[in-house]
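Chemist: My structure file start.cif, mmCIF, C-alpha atoms and all ligand atoms, is below:
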```cif
data_query
loop_
_atom_site.label_atom_id
_atom_site.label_comp_id
_atom_site.auth_asym_id
_atom_site.auth_seq_id
_atom_site.Cartn_x
_atom_site.Cartn_y
_atom_site.Cartn_z
CA MET K 7 17.38 -2.45 1.44
CA GLY K 8 19.92 0.27 2.29
CA ALA K 9 19.29 3.42 4.31
CA PRO K 10 16.99 5.92 2.61
CA LYS K 11 18.87 8.54 0.65
CA LYS K 12 18.86 12.03 1.99
CA PRO K 13 15.98 14.27 0.90
CA ARG K 14 16.53 16.25 -2.29
CA ASN K 15 14.49 19.09 -0.96
CA ALA K 16 16.38 22.32 -0.31
CA PRO K 17 18.45 21.69 2.86
CA ASN K 18 17.12 24.78 4.69
CA THR K 19 13.47 23.75 4.31
CA PRO K 20 13.08 20.54 6.30
CA VAL K 21 10.08 18.46 5.29
CA GLN K 22 7.59 17.82 8.08
CA VAL K 23 6.58 14.17 7.78
CA THR K 24 5.26 13.41 11.27
CA GLU K 25 1.70 14.36 12.16
CA VAL K 26 0.40 16.10 15.27
CA GLY K 27 -3.26 15.16 14.92
CA TRP K 28 -5.38 13.81 12.06
CA PRO K 29 -3.45 13.95 8.78
CA GLU K 30 -5.12 16.42 6.40
CA TRP K 31 -3.87 14.51 3.37
CA VAL K 32 -5.92 11.38 4.06
CA ASP K 33 -9.40 10.68 2.62
CA ALA K 34 -11.80 12.98 4.52
CA ILE K 35 -14.65 10.45 4.61
CA ALA K 36 -12.56 7.71 6.21
CA THR K 37 -11.18 10.27 8.67
CA GLN K 38 -14.68 11.43 9.62
CA ARG K 39 -15.85 7.87 10.16
CA LEU K 40 -13.09 7.19 12.66
CA ARG K 41 -13.54 10.54 14.38
CA GLU K 42 -17.27 9.81 14.79
CA VAL K 43 -16.37 6.51 16.44
CA VAL K 44 -14.28 8.39 19.00
CA ARG K 45 -16.85 11.17 19.50
CA GLY K 46 -19.66 8.68 20.03
CA ASP K 47 -17.44 6.59 22.34
CA ARG K 48 -18.53 3.50 20.44
CA ILE K 49 -15.24 1.81 19.83
CA GLY K 50 -15.67 -1.43 17.92
CA HIS K 51 -13.49 -4.46 18.51
CA ALA K 52 -12.19 -4.72 14.93
CA TYR K 53 -11.70 -2.41 11.97
CA LEU K 54 -10.39 -3.10 8.50
CA LEU K 55 -8.89 -0.08 6.76
CA SER K 56 -8.57 -0.85 3.07
CA GLY K 57 -6.95 1.17 0.31
CA PRO K 58 -3.89 1.33 -1.94
CA LYS K 59 -0.38 1.40 -0.55
CA GLY K 60 0.65 4.90 0.50
CA VAL K 61 -2.90 6.23 0.76
CA GLY K 62 -2.44 6.95 4.49
CA LYS K 63 -3.95 3.95 6.32
CA ALA K 64 -1.14 3.80 8.89
CA ALA K 65 -1.12 7.57 9.49
CA LEU K 66 -4.90 7.49 9.96
CA THR K 67 -4.59 4.62 12.43
CA ARG K 68 -1.95 6.49 14.44
CA ALA K 69 -4.31 9.48 14.67
CA PHE K 70 -7.12 7.16 15.79
CA ALA K 71 -4.81 5.69 18.46
CA LYS K 72 -3.87 9.16 19.70
CA ALA K 73 -7.51 10.22 19.84
CA LEU K 74 -8.25 7.11 21.96
CA CYS K 75 -5.22 7.38 24.27
CA CYS K 76 -4.46 11.10 24.63
CA PRO K 77 -5.31 12.44 28.12
CA ASN K 78 -5.55 16.03 26.82
CA VAL K 79 -8.14 15.78 24.04
CA SER K 80 -9.85 19.01 22.99
CA VAL K 81 -12.84 20.07 25.16
CA ASP K 82 -14.78 21.05 22.04
CA ASP K 83 -14.07 17.85 20.14
CA ARG K 84 -13.01 14.76 22.01
CA SER K 85 -11.76 13.21 18.76
CA GLN K 86 -8.98 15.81 18.60
CA PRO K 87 -5.82 14.62 20.41
CA CYS K 88 -3.29 17.18 21.67
CA GLY K 89 -0.58 15.58 19.55
CA VAL K 90 2.24 16.82 21.79
CA CYS K 91 1.91 14.97 25.10
CA ARG K 92 4.14 12.03 25.94
CA LEU K 93 1.47 9.48 24.95
CA CYS K 94 0.77 11.14 21.59
CA ARG K 95 4.48 11.37 20.84
CA ASN K 96 5.00 7.75 21.84
CA ILE K 97 2.27 6.68 19.45
CA GLU K 98 3.80 8.71 16.63
CA ARG K 99 7.14 6.94 17.13
CA ALA K 100 5.54 3.53 17.72
CA SER K 101 6.64 3.15 21.34
CA HIS K 102 3.35 3.31 23.26
CA PRO K 103 2.95 0.10 25.28
CA ASP K 104 -0.79 -0.18 24.56
CA VAL K 105 -0.55 0.46 20.83
CA GLU K 106 1.21 -2.45 19.22
CA LEU K 107 2.07 -2.77 15.53
CA PHE K 108 2.43 -6.09 13.72
CA SER K 109 3.83 -5.76 10.20
CA LEU K 110 6.23 -7.43 7.79
CA GLU K 111 8.87 -5.00 8.98
CA SER K 112 8.36 -5.61 12.72
CA GLN K 113 8.21 -9.34 12.05
CA ALA K 114 11.55 -9.24 10.22
CA MET K 115 13.13 -7.14 12.97
CA LEU K 116 12.00 -9.59 15.62
CA ALA K 117 13.29 -12.54 13.63
CA GLU K 118 16.55 -10.64 12.98
CA LYS K 119 16.27 -11.57 9.33
CA PRO K 120 17.28 -9.36 6.42
CA GLY K 121 14.45 -8.13 4.17
CA ARG K 122 10.77 -7.86 4.96
CA GLY K 123 9.61 -11.31 3.90
CA ALA K 124 6.48 -11.84 1.87
CA THR K 125 3.87 -12.98 4.39
CA LEU K 126 2.85 -12.38 7.97
CA THR K 127 3.40 -15.71 9.68
CA ILE K 128 1.27 -17.73 12.04
CA GLU K 129 3.90 -17.05 14.75
CA THR K 130 3.19 -13.35 14.37
CA VAL K 131 -0.54 -14.00 14.82
CA ARG K 132 0.28 -16.06 17.93
CA ARG K 133 2.25 -13.12 19.30
CA LEU K 134 -0.75 -10.91 18.60
CA ARG K 135 -3.05 -13.33 20.44
CA ALA K 136 -0.74 -13.33 23.46
CA SER K 137 -0.57 -9.55 23.36
CA ALA K 138 -4.37 -9.29 23.19
CA ALA K 139 -4.56 -11.04 26.56
CA LEU K 140 -2.52 -8.32 28.30
CA LEU K 141 -4.14 -5.55 30.29
CA PRO K 142 -3.58 -1.98 29.19
CA LEU K 143 -0.76 -0.18 30.99
CA GLU K 144 -1.28 3.48 30.25
CA SER K 145 -4.61 3.80 28.49
CA GLU K 146 -8.10 2.39 28.79
CA ARG K 147 -7.70 0.04 25.87
CA ARG K 148 -5.14 -1.77 23.82
CA LEU K 149 -4.95 -1.18 20.10
CA LEU K 150 -3.39 -3.96 18.05
CA ILE K 151 -2.59 -2.89 14.50
CA VAL K 152 -1.93 -5.46 11.77
CA ASP K 153 -0.33 -3.77 8.78
CA ASP K 154 0.19 -5.73 5.53
CA ALA K 155 -2.86 -7.84 6.54
CA GLU K 156 -3.31 -8.88 2.89
CA THR K 157 -0.17 -11.03 3.26
CA LEU K 158 -1.71 -13.28 5.95
CA LEU K 159 -1.99 -16.78 4.51
CA GLU K 160 -5.08 -18.82 5.26
CA PRO K 161 -3.78 -20.68 8.38
CA ALA K 162 -2.63 -17.36 9.84
CA GLN K 163 -6.03 -15.82 9.08
CA GLN K 164 -7.74 -18.78 10.74
CA ALA K 165 -5.62 -18.20 13.84
CA LEU K 166 -6.51 -14.50 13.78
CA LEU K 167 -10.18 -15.40 13.46
CA LYS K 168 -10.18 -16.82 16.99
CA THR K 169 -9.28 -13.40 18.38
CA LEU K 170 -11.84 -11.72 16.10
CA GLU K 171 -14.57 -14.12 17.26
CA GLU K 172 -13.86 -13.74 20.96
CA PRO K 173 -12.24 -10.35 21.33
CA PRO K 174 -10.85 -9.74 24.83
CA ARG K 175 -12.46 -6.75 26.55
CA GLY K 176 -10.70 -3.46 26.01
CA VAL K 177 -8.89 -4.64 22.89
CA THR K 178 -9.40 -3.18 19.43
CA LEU K 179 -7.86 -4.74 16.35
CA VAL K 180 -7.13 -2.60 13.31
CA LEU K 181 -6.23 -4.47 10.13
CA LEU K 182 -4.66 -2.49 7.28
CA ALA K 183 -4.86 -4.08 3.85
CA ASP K 184 -3.93 -2.94 0.33
CA GLU K 185 -6.02 -5.70 -1.26
CA PRO K 186 -8.78 -6.58 1.24
CA GLU K 187 -10.41 -8.99 -1.21
CA VAL K 188 -7.69 -11.56 -0.51
CA LEU K 189 -8.83 -11.82 3.12
CA LEU K 190 -11.22 -14.60 4.10
CA GLU K 191 -14.85 -13.56 4.10
CA THR K 192 -15.08 -14.74 7.73
CA VAL K 193 -12.29 -12.32 8.67
CA ARG K 194 -13.73 -9.40 6.70
CA SER K 195 -17.23 -9.87 8.03
CA ARG K 196 -16.03 -9.58 11.63
CA CYS K 197 -14.43 -6.20 10.99
CA GLN K 198 -16.01 -2.83 10.31
CA GLU K 199 -14.50 -2.01 6.95
CA ILE K 200 -13.48 1.58 6.27
CA PRO K 201 -12.25 2.22 2.72
CA VAL K 202 -9.49 4.83 2.54
CA ARG K 203 -9.62 6.34 -0.95
CA PRO K 204 -7.03 8.28 -2.94
CA ILE K 205 -7.42 12.07 -2.94
CA ALA K 206 -7.29 14.58 -5.82
CA GLN K 207 -3.90 15.29 -7.38
CA ALA K 208 -4.20 18.98 -6.52
CA ALA K 209 -4.81 18.05 -2.87
CA VAL K 210 -1.65 15.92 -2.83
CA GLU K 211 0.30 18.83 -4.26
CA ARG K 212 -1.10 21.25 -1.66
CA ALA K 213 -0.31 18.82 1.17
CA LEU K 214 3.29 18.40 0.00
CA HIS K 215 3.79 22.11 -0.38
CA GLY K 216 2.27 22.67 3.06
CA LYS K 217 4.89 20.33 4.48
CA GLY K 218 7.74 22.30 2.98
CA VAL K 219 8.35 20.37 -0.25
CA GLU K 220 9.48 22.81 -2.95
CA LEU K 221 6.90 23.53 -5.67
CA LYS K 222 8.46 21.79 -8.66
CA LEU K 223 9.10 18.54 -6.80
CA ALA K 224 5.64 18.73 -5.17
CA ALA K 225 4.04 19.01 -8.62
CA GLU K 226 5.94 16.03 -10.03
CA LEU K 227 5.28 13.87 -6.97
CA ALA K 228 1.58 14.75 -7.08
CA THR K 229 1.40 13.73 -10.76
CA LEU K 230 3.01 10.39 -9.98
CA SER K 231 1.22 9.82 -6.64
CA ARG K 232 -2.03 8.26 -7.98
CA GLY K 233 -3.77 10.22 -5.23
CA CYS K 234 -1.67 8.67 -2.45
CA ALA K 235 -0.06 11.49 -0.50
CA GLY K 236 1.58 9.02 1.89
CA TRP K 237 3.51 7.58 -1.04
CA ALA K 238 4.50 11.09 -2.12
CA LEU K 239 5.74 11.98 1.38
CA ALA K 240 7.77 8.78 1.53
CA ALA K 241 9.19 9.53 -1.92
CA VAL K 242 10.46 12.91 -0.68
CA LEU K 243 12.73 10.97 1.67
CA ASP K 244 13.57 8.05 -0.60
CA GLU K 245 14.62 8.79 -4.18
CA ARG K 246 14.21 5.17 -5.21
CA LEU K 247 10.43 5.40 -4.89
CA LEU K 248 10.32 8.37 -7.26
CA ALA K 249 12.75 6.75 -9.70
CA ALA K 250 10.72 3.52 -9.83
CA ARG K 251 7.50 5.36 -10.55
CA ARG K 252 9.10 7.56 -13.22
CA THR K 253 10.24 4.37 -14.94
CA GLU K 254 6.73 2.88 -14.74
CA ARG K 255 5.26 5.99 -16.30
CA GLU K 256 7.84 6.05 -19.09
CA SER K 257 7.27 2.35 -19.84
CA ALA K 258 3.51 2.88 -19.96
CA ALA K 259 3.85 5.94 -22.21
CA GLY K 260 6.11 4.05 -24.64
CA TRP K 261 3.76 1.06 -24.66
CA ILE K 262 0.65 3.17 -25.38
CA ALA K 263 2.44 5.17 -28.11
CA SER K 264 3.71 2.11 -29.98
CA PRO K 265 1.97 0.61 -33.05
CA ARG K 266 -0.68 -2.04 -32.38
CA TYR K 267 1.58 -4.95 -33.29
CA GLU K 268 4.21 -3.83 -30.76
CA GLN K 269 1.53 -3.13 -28.15
CA LEU K 270 0.47 -6.77 -28.48
CA VAL K 271 4.01 -8.14 -28.41
CA THR K 272 4.62 -6.23 -25.17
CA ALA K 273 1.34 -7.49 -23.73
CA PHE K 274 2.29 -11.13 -24.45
CA ARG K 275 5.80 -10.69 -23.08
CA LEU K 276 4.58 -9.08 -19.85
CA GLY K 277 1.80 -11.67 -19.58
CA ASP K 278 4.36 -14.47 -19.71
CA GLN K 279 6.58 -12.74 -17.14
CA PHE K 280 3.71 -11.84 -14.81
CA GLY K 281 4.51 -14.47 -12.16
CA LYS K 282 8.01 -13.04 -11.66
CA ARG K 283 7.34 -9.32 -12.16
CA ARG K 284 3.84 -8.96 -10.71
CA ALA K 285 4.25 -5.72 -8.72
CA GLU K 286 6.20 -4.01 -11.50
CA ILE K 287 3.70 -4.95 -14.23
CA ILE K 288 0.73 -3.88 -12.09
CA GLY K 289 2.59 -0.59 -11.57
CA VAL K 290 2.96 -0.06 -15.33
CA VAL K 291 -0.76 -0.80 -15.90
CA GLN K 292 -1.67 1.68 -13.13
CA ALA K 293 0.56 4.27 -14.79
CA ALA K 294 -1.23 3.57 -18.11
CA ILE K 295 -4.60 4.31 -16.47
CA HIS K 296 -3.34 7.67 -15.26
CA LEU K 297 -1.76 8.57 -18.61
CA LEU K 298 -4.96 7.72 -20.50
CA ARG K 299 -6.98 9.71 -17.97
CA ASP K 300 -4.70 12.74 -18.43
CA GLU K 301 -5.04 12.37 -22.20
CA MET K 302 -8.83 12.17 -21.90
CA ILE K 303 -8.98 15.36 -19.83
CA GLU K 304 -6.73 17.07 -22.38
CA SER K 305 -8.90 15.80 -25.25
CA ALA K 306 -12.08 17.11 -23.61
CA ARG K 307 -10.38 20.48 -23.06
CA THR K 308 -9.21 20.67 -26.68
CA SER K 309 -12.60 19.82 -28.14
CA SER K 310 -14.37 22.40 -25.97
CA ARG K 311 -11.80 24.96 -27.07
CA MET K 312 -12.45 24.04 -30.70
CA VAL K 313 -16.17 24.54 -30.24
CA GLU K 314 -15.49 27.96 -28.73
CA ASN K 315 -13.20 29.04 -31.62
CA GLN K 316 -14.67 27.22 -34.55
CA THR K 317 -13.29 29.67 -37.07
CA THR K 318 -9.66 29.30 -36.00
CA ASN K 319 -7.13 26.55 -36.28
CA LEU K 320 -9.23 23.97 -38.06
CA SER K 321 -6.02 22.44 -39.35
CA THR K 322 -4.72 21.57 -35.83
CA PRO K 323 -3.93 17.90 -35.34
CA ALA K 324 -6.56 17.73 -32.57
CA SER K 325 -8.92 15.95 -34.96
CA MET K 326 -6.27 13.21 -35.36
CA ALA K 327 -6.06 12.59 -31.62
CA PRO K 328 -8.21 9.86 -30.06
CA SER K 329 -11.61 11.11 -28.98
CA ALA K 330 -12.61 11.38 -25.34
CA LEU K 331 -15.03 8.52 -25.95
CA SER K 332 -12.39 6.13 -27.28
CA LEU K 333 -10.11 7.11 -24.40
CA SER K 334 -12.81 6.39 -21.87
CA ARG K 335 -13.23 2.93 -23.43
CA ALA K 336 -9.48 2.43 -23.19
CA ILE K 337 -9.53 3.45 -19.52
CA ALA K 338 -12.39 1.07 -18.77
CA ALA K 339 -10.50 -1.80 -20.43
CA THR K 340 -7.32 -0.93 -18.55
CA LEU K 341 -9.17 -0.83 -15.21
CA GLY K 342 -10.67 -4.22 -16.07
CA CYS K 343 -7.20 -5.58 -16.83
CA LEU K 344 -5.91 -4.23 -13.51
CA SER K 345 -8.57 -6.03 -11.51
CA ASP K 346 -7.91 -9.28 -13.43
CA LEU K 347 -4.17 -8.96 -12.74
CA GLU K 348 -4.77 -8.24 -9.05
CA ALA K 349 -6.94 -11.34 -8.89
CA ASN K 350 -4.24 -13.26 -10.85
CA VAL K 351 -6.72 -14.04 -13.62
CA ARG K 352 -5.13 -15.06 -16.97
CA PRO K 353 -2.56 -12.24 -17.18
CA ARG K 354 -1.71 -12.74 -20.87
CA LEU K 355 -5.34 -12.58 -22.00
CA ALA K 356 -6.09 -9.66 -19.67
CA LEU K 357 -3.19 -7.63 -21.09
CA GLU K 358 -4.11 -8.54 -24.67
CA ALA K 359 -7.72 -7.45 -24.23
CA MET K 360 -6.50 -4.20 -22.65
CA VAL K 361 -4.21 -3.14 -25.50
CA MET K 362 -6.86 -4.04 -28.10
CA ALA K 363 -8.99 -1.30 -26.50
CA TRP K 364 -6.14 1.24 -26.54
CA PRO K 365 -5.78 3.86 -29.23
CA SER K 366 -3.15 2.71 -31.73
CA SER K 367 -0.73 5.03 -33.46
CA GLU K 368 -1.44 3.62 -36.92
CA PRO K 369 -3.32 5.82 -39.40
CA GLY K 370 -7.05 5.73 -38.82
CA ARG K 371 -6.74 5.04 -35.11
CA ASN K 372 -9.90 5.32 -32.93
ZN ZN H 1 -1.85 13.95 23.58
#
```
Here is a file; write its structure as structure tokens.

Modeler:
Amino acid sequence: MGAPKKPRNAPNTPVQVTEVGWPEWVDAIATQRLREVVRGDRIGHAYLLSGPKGVGKAALTRAFAKALCCPNVSVDDRSQPCGVCRLCRNIERASHPDVELFSLESQAMLAEKPGRGATLTIETVRRLRASAALLPLESERRLLIVDDAETLLEPAQQALLKTLEEPPRGVTLVLLADEPEVLLETVRSRCQEIPVRPIAQAAVERALHGKGVELKLAAELATLSRGCAGWALAAVLDERLLAARRTERESAAGWIASPRYEQLVTAFRLGDQFGKRRAEIIGVVQAAIHLLRDEMIESARTSSRMVENQTTNLSTPASMAPSALSLSRAIAATLGCLSDLEANVRPRLALEAMVMAWPSSEPGRN
């Protein structure tokens, strides 16, 4: 991993990526749930924030930490931190002594190893347990955040379970997980789970524009974001993220547009390579879902337009395009394939079943 490339945004319009208070680009329901916790002063001892990478789990957790630690919260709404005091700023830059982050990145930094590694180790959980025993220095409670929690292997989860079962007073654990289903049921059941869901594409675009990202780039990033504004904001600063996702989308488009035989050949090839290229293949399948969804919306629009103007343009190729119904079947099959792949269930069969439900470009498709 090299240093992130410089932003491609116009140099005189700096992009604002840090947040003062609660990020507006994160799922409003999840945000409200955490704000209610603060307002009601009923802070639990463990939360599990689940949702796709880049959806804003970490940004939401930082806002929660500020709301809990800020000495200057709003008089009208105690869940609103000032965002500018020393404590709020320290939380934003991850240097508040009572808000500690455990992640693949912090683990690698501590071990002075290159790369992030693939799993949070049992040593990291032991460090967390030791940290949980400390008294708060500047605030009333300590907040221990475990990012990448889905990478905890079973022994590490068992070690974490001890802290979840007997939480020290004044300590709150916040686990952030992209795929919460890989966590042990005993771990999940001891946390209050708050799903953080993707937001509408238009909302991602608005958020980017509001942060100073120029319109054209904001529109492209929103299209590729899958509703994850955090990913889009990161991609403003790191071109590689955008390039990777463009490639995924192009691969998916080519795959969907190919004749049935080639669709199947690709499915078998990717199925056989799944062990080595898991993240990339899941990315292409996710891109396929979004392309099919876009096509379905377009198809619904076209058919309603045709009903409105029945006398005109009867020769348009719209009648050749797959119907909204066949596209919705294709989307359902692709979603099913995605959950099988995420659960590592028979990748080759999952991909085969998916493409068999796709529209094929041969005559008489649908
Ligand atoms: Zn503050």

Chemist: List all protein, DNA and RNA residues that have any atom at most 6 Å from ligand ZN 1 (chain H), counting only C-alpha atoms and all ligand atoms, and write the list as a ChimeraX atom specification.

Modeler: /K:76-78,87-91,93-94

Chemist: Compare K:Arg299, K:Arg203, K:Arg283, K:Arg251 by their minimum atom-to-atom distance to K:Leu331, counting all atoms listed in the file, and give me the closest one.

Modeler: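 Among the listed residues, K:Arg299 lies closest to K:Leu331.
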
Chemist: Taking all atoms of stretch 250-255 of chain K that the file lists and extending 5 Å past them on each side, where is the centre of the axis-aligned box and how long are its edges? Answer in Å to one decimal, as lines of an AutoDock Vina configuration file.

Modeler:
```
center_x = 8.0
center_y = 5.2
center_z = -13.1
size_x = 15.5
size_y = 14.7
size_z = 16.5
```

Chemist: Quick one: residues within 12 Å of K:Glu187, only C-alpha atoms counted, chain neighbours fewer than 3 positions away excluded, as a VMD selection string?

Modeler: chain K and resid 54 56 to 57 155 to 157 183 to 184 190 to 195 199 345 348 to 349

Chemist: Taking only C-alpha atoms into account, name the residue in K:Ala235, K:Ala273, K:Leu170, K:Ile128 that is nearest to K:Lys217.

Modeler: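 Checking each of K:Ala235, K:Ala273, K:Leu170, K:Ile128 against K:Lys217, counting only C-alpha atoms, the winner is K:Ala235.
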
Chemist: Suppose you want the space between atom CA of K:Gly342 and atom CA of K:Trp31; what is it in Å?

Modeler: 27.8 Å

Chemist: Might you pull out every residue within 9 Å of K:Ala250, with only C-alpha atoms counted and same-chain residues fewer than 5 positions away left off, and present them as a list in words?

Modeler: Glu245, Arg255 and Glu286 of chain K

Chemist: Kindly give the distance, in Å, that separates atom CA of K:Ala259 and atom CA of K:His215, rounded to a single decimal.

Modeler: 27.2 Å

Chemist: In Å, with one decimal, what is the gap from atom CA of K:Val188 to atom CA of K:Asp154?

Modeler: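 Separation of atom CA of K:Val188 and atom CA of K:Asp154: 11.5 Å.
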
Chemist: Could you give me stretch 350-368 of chain K completed to N, CA and C atoms, formatted as a short mmCIF file (atom, residue, chain, number, x, y, z; two decimals), in the frame of the given file?

Modeler:
```cif
data_model
loop_
_atom_site.label_atom_id
_atom_site.label_comp_id
_atom_site.auth_asym_id
_atom_site.auth_seq_id
_atom_site.Cartn_x
_atom_site.Cartn_y
_atom_site.Cartn_z
N ASN K 350 -5.05 -12.23 -10.18
CA ASN K 350 -4.24 -13.26 -10.85
C ASN K 350 -5.02 -14.05 -11.89
N VAL K 351 -5.93 -13.36 -12.59
CA VAL K 351 -6.72 -14.04 -13.62
C VAL K 351 -6.03 -13.90 -14.98
N ARG K 352 -5.65 -14.99 -15.60
CA ARG K 352 -5.13 -15.06 -16.97
C ARG K 352 -4.41 -13.78 -17.41
N PRO K 353 -3.23 -13.52 -16.89
CA PRO K 353 -2.56 -12.24 -17.18
C PRO K 353 -2.38 -11.96 -18.68
N ARG K 354 -1.99 -12.99 -19.46
CA ARG K 354 -1.71 -12.74 -20.87
C ARG K 354 -2.97 -12.28 -21.60
N LEU K 355 -4.08 -12.96 -21.35
CA LEU K 355 -5.34 -12.58 -22.00
C LEU K 355 -5.82 -11.21 -21.53
N ALA K 356 -5.65 -10.95 -20.23
CA ALA K 356 -6.09 -9.66 -19.67
C ALA K 356 -5.33 -8.52 -20.33
N LEU K 357 -4.01 -8.70 -20.50
CA LEU K 357 -3.19 -7.63 -21.09
C LEU K 357 -3.50 -7.48 -22.58
N GLU K 358 -3.77 -8.60 -23.25
CA GLU K 358 -4.11 -8.54 -24.67
C GLU K 358 -5.42 -7.76 -24.89
N ALA K 359 -6.43 -8.12 -24.09
CA ALA K 359 -7.72 -7.45 -24.23
C ALA K 359 -7.58 -5.95 -23.96
N MET K 360 -6.70 -5.62 -22.99
CA MET K 360 -6.50 -4.20 -22.65
C MET K 360 -5.92 -3.44 -23.84
N VAL K 361 -4.83 -3.93 -24.43
CA VAL K 361 -4.21 -3.14 -25.50
C VAL K 361 -5.09 -3.08 -26.74
N MET K 362 -5.95 -4.10 -26.95
CA MET K 362 -6.86 -4.04 -28.10
C MET K 362 -7.85 -2.88 -27.97
N ALA K 363 -8.07 -2.43 -26.71
CA ALA K 363 -8.99 -1.30 -26.50
C ALA K 363 -8.25 0.04 -26.48
N TRP K 364 -6.91 -0.01 -26.56
CA TRP K 364 -6.14 1.24 -26.54
C TRP K 364 -6.18 1.90 -27.91
N PRO K 365 -5.97 3.22 -27.94
CA PRO K 365 -5.78 3.86 -29.23
C PRO K 365 -4.49 3.32 -29.84
N SER K 366 -4.43 3.14 -31.14
CA SER K 366 -3.15 2.71 -31.73
C SER K 366 -2.65 3.82 -32.62
N SER K 367 -1.32 3.88 -32.77
CA SER K 367 -0.73 5.03 -33.46
C SER K 367 -0.75 4.88 -34.98
N GLU K 368 -1.35 3.76 -35.47
CA GLU K 368 -1.44 3.62 -36.92
C GLU K 368 -2.45 4.61 -37.50
#
```
